[in-house]
Amino acid sequence: MSKPHVKSPVEPAHSLFGRERYPLDVFFKPDSVAVIGATESPGSVGRTALWNLISSPFGGTVYPVNPKRSSVLGVRAYPSVREVPEAVDLAVVVTPAQTVPGIIRECVDAGVKGAIVLAAGFRELGPRGEALEQQVLEEARKGALRIIGPNCLGVMCPTSGLNATFANGMARQGTVAFLSQSGALCTAVLDWSHRELVGFSAFVSIGSMADVGWGDLIDYLGNDARTRSILIYMESVGDARSFLSAAREVALTKPVIVIKAGRTAEGARAAAAHTGAVPGRDDVLDAALRRCGVLRVSHISDLFYMAEVLSKQPRPQGKRLAIVTNAGGPAVLATDMLITGGGDPAPLSEDTMAALNQALPSEWSHANPIDILGDAKPERFAKVVEIVAKDPNSDGILVVLAPQANTDPTETAEQMKPFAKLGKKPILASWMGGVDVAGGVALLRSAEIPTFAYPDTAVRMFLYMGAYTENLQGIYETPLMEAADEGMAEARAILDARASLSGGEARELLAAYGISLPEDSPLAVGSFVDERFGPVVFMEGEWGERVYGLPPLTTSLAAVVLERLQTHAQISEQRETYLRLLVRLGRLIVEHPRIRNLRIAAGKVELELYPPETPAARLPKPAIRPYPVEYASDWQMKNGERVSIRPIRPEDEPLIVQFHQTLGDRTVYFRYLSALKLSTRIAHERLIRICFIDYTRQMALVVERENPQTEAPEIIAVGRLAKDMQAFARGRREAEFALVVSDSFQGQGLGKELLRRLIRVARDEGVETVFGEISAENAPMQAICRGMGFQIQRDFEDTTVVARMNLKG
């Protein structure tokens, strides 16, 4: 029996009844735009916003709205958005703050899908402004209207031609999406980008994020084929879980690079005054960004440097850098930057040393940095890079050229072009100087070798690349929470029955989880609840410095926390003990959300609990959801064979490739409603998004059996349930299901069992409506859905039907 079904919820597509999968399209490619508050007053926001829209054709119609004018800038105006003669997709609201709630009400009544609110005067002004902002949201939520802003510059989409801002000019087309909470920074970056010929796929001033936030935009741009990297200037995190969830999914396929203002207490207060956001611990944010694969940089220029570097060169596998130079001083500065930033000069192997001794004059440095002397010709540079590239001890190469009497910067750059792609090793360059090296710089950049004016900048980029590699490796870690043993269950009973614990009882609780701090430990460990990211684990060093991690933790994730401690070398002999301690501590606070604060030091335990009467919904939840073992169990097929049904894991990718090779053409068509090629279905970039998921956003269950011939595991069916996060943001708690069963195992009841389990997941996750789009020819699947209580709806002009189940009540 054929069991393939709906279009993949993780792929860009039109979904139910032609409803767009991505409602944020309205901000980037609308068919019609109303400028509410358009005016001809010179220098006004209303005039500039209207002029930008009508002078940068985006393929849609622009309607000025002004009750006092019959036309604005020669374009017919309308008294209100309700009187515009066609449906308006996007409203650009340029009126004062106090008028915005009423205008949003009119937009909802008129069926407007999105609004960009440019005015300031909301949350950043305090309680009265916050109340006004809340009124705006309440009006928007009476319909399906989404809002960007308030207090923002607006939105540009160079690929569609839309310029819904009051900036001077339009961004160039490119592959970088730039998101910023600062409108002033947007205008500065825009001006800089014209000089540097940097192009954008999207250019968004997000303002104070009353509605649309980082998570929404990262989600959207992650599925935009024209966007290759996402750059963010951030002053506040907003909805932390939405941000982390979206970033974790997108970071595996395209870089998400952040510069966060407010590292210091003074900076945080300034950011709060600007956006009205509540500042949080910057070091906890650091831990959160690392955990979700986001790269954090310290300079605005580094955002764009890293976007270029990561688009042109592979990520290094470590932080060992080989430096080839014709000048000693710059190489010393580069080495200092490398070591202080946590990297290492790559040790040269015996084979490399021998080859260099043969190729270079005897006066060369005989160490890394490899100083090939000031009289080096282009051929000498090329020979040394060829030798060093083969050394397995290095993770990357930096070539530094300082123009000297016998130096030929342009020809040396030409000689570097064959080394532009070194497999897994990046190559960077620093051509120091101005006019004399300009030709060489242009050649290197055209060959996709990132080139910098100074070597310390190049080293900083290499270190960022290494950090990014580490962050992405951490993403693949899926913490597996083991079943509780008898002692842990007893500890839970004790904790649940008490308003507080004595010191002895607290130690018993810790002992049940195997948590004990070595008596001679210079460190303290503990946990607390961060208002943005939930439970946080910390280690405290001998001199009071702290490092943080978001639970739950695996051993390797715990190692990242431990190694950031300045004094970690002092406890190296007890490393495994501390790693186990951190993992178990993370498990304790995840499994017992009533723990508010915990500190273990010098034989003392300090424990603070939330009151027993605290509702479960008010207790903190981890920002990163652990692997949901509660949805894993065995099951028996109709033929009597037992299989394992469990949530998907990142390491399932090879098994999913094999699974797709078992699907026939009809099965594929029923599943994807198109003849999706095998090469497309098993592309690594696609499978990353399918196998590595945020279990809060979607659940994928796989059916696994042991192949009796090979005795190896194989996946024979997959079921997926994806929440519509845009609908959830609006209170419409719906999710879409999708199933596919290998041809050889259809008719064994797997489709019905997977659907039954997905419905259970939906109920547990608070989903109120489950739906799926099924081929009209797939009668067996329609019968299964009817038998389980789904309502089947069909438009007879369509080739699909919709199965829908209401879970409320």
# chains A, B, ... in the order shown; residues from 1 in each chain; ligands from 1
$ select_by_dssp --residues "range 91-177 of chain A" --states "helix (DSSP H, G or I)" --output "number ranges by chain"
A: 97-109, 123-125, 127-140
$ write_last_selection --atoms "C-alpha atoms" --output "JSON list (two decimals), in the first residue's frame"
[["chain", "number", "residue", "atom", "x", "y", "z"],
["A", 97, "ALA", "CA", 3.06, 56.94, 17.46],
["A", 98, "GLN", "CA", -0.27, 57.83, 19.09],
["A", 99, "THR", "CA", -2.13, 57.33, 15.78],
["A", 100, "VAL", "CA", -0.70, 53.89, 15.07],
["A", 101, "PRO", "CA", -3.20, 51.66, 17.01],
["A", 102, "GLY", "CA", -6.12, 53.12, 15.07],
["A", 103, "ILE", "CA", -4.29, 52.80, 11.75],
["A", 104, "ILE", "CA", -3.44, 49.16, 12.44],
["A", 105, "ARG", "CA", -7.13, 48.57, 13.24],
["A", 106, "GLU", "CA", -8.04, 49.99, 9.81],
["A", 107, "CYS", "CA", -5.38, 47.83, 8.16],
["A", 108, "VAL", "CA", -6.78, 44.68, 9.78],
["A", 109, "ASP", "CA", -10.29, 45.61, 8.66],
["A", 123, "ARG", "CA", 8.56, 50.89, 24.46],
["A", 124, "GLU", "CA", 11.79, 52.88, 24.56],
["A", 125, "LEU", "CA", 9.95, 55.74, 26.34],
["A", 127, "PRO", "CA", 5.54, 52.31, 30.64],
["A", 128, "ARG", "CA", 3.29, 54.67, 28.64],
["A", 129, "GLY", "CA", 5.09, 53.84, 25.40],
["A", 130, "GLU", "CA", 5.04, 50.14, 26.23],
["A", 131, "ALA", "CA", 1.27, 50.30, 26.76],
["A", 132, "LEU", "CA", 0.86, 52.02, 23.39],
["A", 133, "GLU", "CA", 2.95, 49.31, 21.72],
["A", 134, "GLN", "CA", 0.77, 46.66, 23.36],
["A", 135, "GLN", "CA", -2.33, 48.33, 21.90],
["A", 136, "VAL", "CA", -0.77, 48.11, 18.44],
["A", 137, "LEU", "CA", -0.14, 44.38, 18.92],
["A", 138, "GLU", "CA", -3.65, 43.74, 20.20],
["A", 139, "GLU", "CA", -5.11, 45.37, 17.10],
["A", 140, "ALA", "CA", -2.80, 43.41, 14.79]]
$ select_by_dssp --residues "range 44-135 of chain A" --states "strand (DSSP E)" --output "ChimeraX atom specification"
/A:61-65,71-72,75-76,90-93,114-117
$ write_last_selection --atoms "C-alpha atoms" --output "compact mmCIF listing (two decimals), in the first residue's frame"
# COMPACT_ATOMS: atom_id res chain seq x y z
CA THR A 61 1.30 49.43 -7.12
CA VAL A 62 1.87 52.23 -4.60
CA TYR A 63 -1.05 54.01 -2.92
CA PRO A 64 -0.47 57.21 -0.89
CA VAL A 65 -2.91 57.51 2.01
CA SER A 71 -2.64 63.39 -4.62
CA VAL A 72 0.92 63.17 -3.32
CA VAL A 75 0.05 59.96 -7.41
CA ARG A 76 -3.64 59.79 -6.49
CA LEU A 90 1.86 45.97 2.80
CA ALA A 91 1.29 49.21 4.69
CA VAL A 92 4.18 51.58 5.45
CA VAL A 93 2.99 53.61 8.45
CA GLY A 114 1.87 43.32 6.82
CA ALA A 115 2.79 46.73 8.21
CA ILE A 116 6.12 48.52 8.69
CA VAL A 117 5.82 51.03 11.51
$ atom_distance --atom1 "CA of Asp371 in chain A" --atom2 "CA of Ile323 in chain A"
8.3 Å
$ residues_around --residues "Lys377 in chain A" --least-positions-apart "3" --cutoff "9 Å" --atoms "only C-alpha atoms" --output "compact mmCIF listing (two decimals) with C-alpha atoms, in the first residue's frame"
# COMPACT_ATOMS: atom_id res chain seq x y z
CA GLY A 374 62.71 40.48 1.90
CA ARG A 380 59.69 31.67 -3.96
CA PHE A 381 56.31 32.60 -2.44
CA ALA A 382 54.59 30.02 -4.65
CA ASN A 406 62.51 43.58 -5.03
CA THR A 407 58.87 42.69 -4.36
CA ASP A 408 56.36 42.26 -7.19
CA GLU A 411 52.94 38.82 -10.02
CA THR A 412 53.10 37.26 -6.55
$ residues_around --residues "Ile372 in chain A" --least-positions-apart "3" --cutoff "8 Å" --atoms "only C-alpha atoms" --output "ChimeraX atom specification"
/A:324-327,360-361,364-365,376,380-381
$ closest_residue --among "A:Ala683, A:Ile774, A:Ala623, A:Val385" --to "Asp239 in chain A" --atoms "only C-alpha atoms"
A:Ala623
$ atom_distance --atom1 "CA of Glu490 in chain A" --atom2 "CA of Gly514 in chain A"
13.7 Å
$ closest_residue --among "A:Ser744, A:Ser55, A:Ser193, A:Gln473" --to "Asn163 in chain A" --atoms "only C-alpha atoms"
A:Ser55
$ residues_around --residues "Thr165 in chain A" --least-positions-apart "2" --cutoff "9 Å" --atoms "only C-alpha atoms" --output "ChimeraX atom specification"
/A:45,48-50,52-53,92,118,152-156,163,167-168,205
$ residues_around --residues "Gly526 in chain A" --least-positions-apart "5" --cutoff "6 Å" --atoms "only C-alpha atoms" --output "PDB file with N, CA, C and O atoms, in the first residue's frame"
ATOM      1  N   VAL A 537      24.066  26.504  33.415  1.00  0.00           N
ATOM      2  CA  VAL A 537      25.087  25.881  34.253  1.00  0.00           C
ATOM      3  C   VAL A 537      26.313  26.784  34.271  1.00  0.00           C
ATOM      4  O   VAL A 537      26.649  27.397  33.253  1.00  0.00           O
ATOM      5  N   PHE A 538      26.984  26.874  35.415  1.00  0.00           N
ATOM      6  CA  PHE A 538      28.212  27.664  35.450  1.00  0.00           C
ATOM      7  C   PHE A 538      29.317  26.934  36.203  1.00  0.00           C
ATOM      8  O   PHE A 538      29.062  26.062  37.039  1.00  0.00           O
ATOM      9  N   LEU A 598      21.493  27.178  42.410  1.00  0.00           N
ATOM     10  CA  LEU A 598      22.271  26.107  43.047  1.00  0.00           C
ATOM     11  C   LEU A 598      23.738  26.492  42.985  1.00  0.00           C
ATOM     12  O   LEU A 598      24.227  26.937  41.941  1.00  0.00           O
ATOM     13  N   ARG A 599      24.418  26.325  44.112  1.00  0.00           N
ATOM     14  CA  ARG A 599      25.862  26.570  44.144  1.00  0.00           C
ATOM     15  C   ARG A 599      26.511  25.531  45.044  1.00  0.00           C
ATOM     16  O   ARG A 599      26.067  25.314  46.173  1.00  0.00           O
ATOM     17  N   ILE A 600      27.544  24.883  44.498  1.00  0.00           N
ATOM     18  CA  ILE A 600      28.270  23.849  45.231  1.00  0.00           C
ATOM     19  C   ILE A 600      29.717  24.306  45.335  1.00  0.00           C
ATOM     20  O   ILE A 600      30.393  24.495  44.316  1.00  0.00           O
TER      21      ILE A 600
END
$ closest_residue --among "A:Ala601, A:Ile682, A:Val459, A:Ile257" --to "Pro522 in chain A" --atoms "only C-alpha atoms"
A:Ala601
$ closest_residue --among "A:Leu190, A:Leu303, A:Leu523, A:Leu582" --to "Lys260 in chain A" --atoms "only C-alpha atoms"
A:Leu303
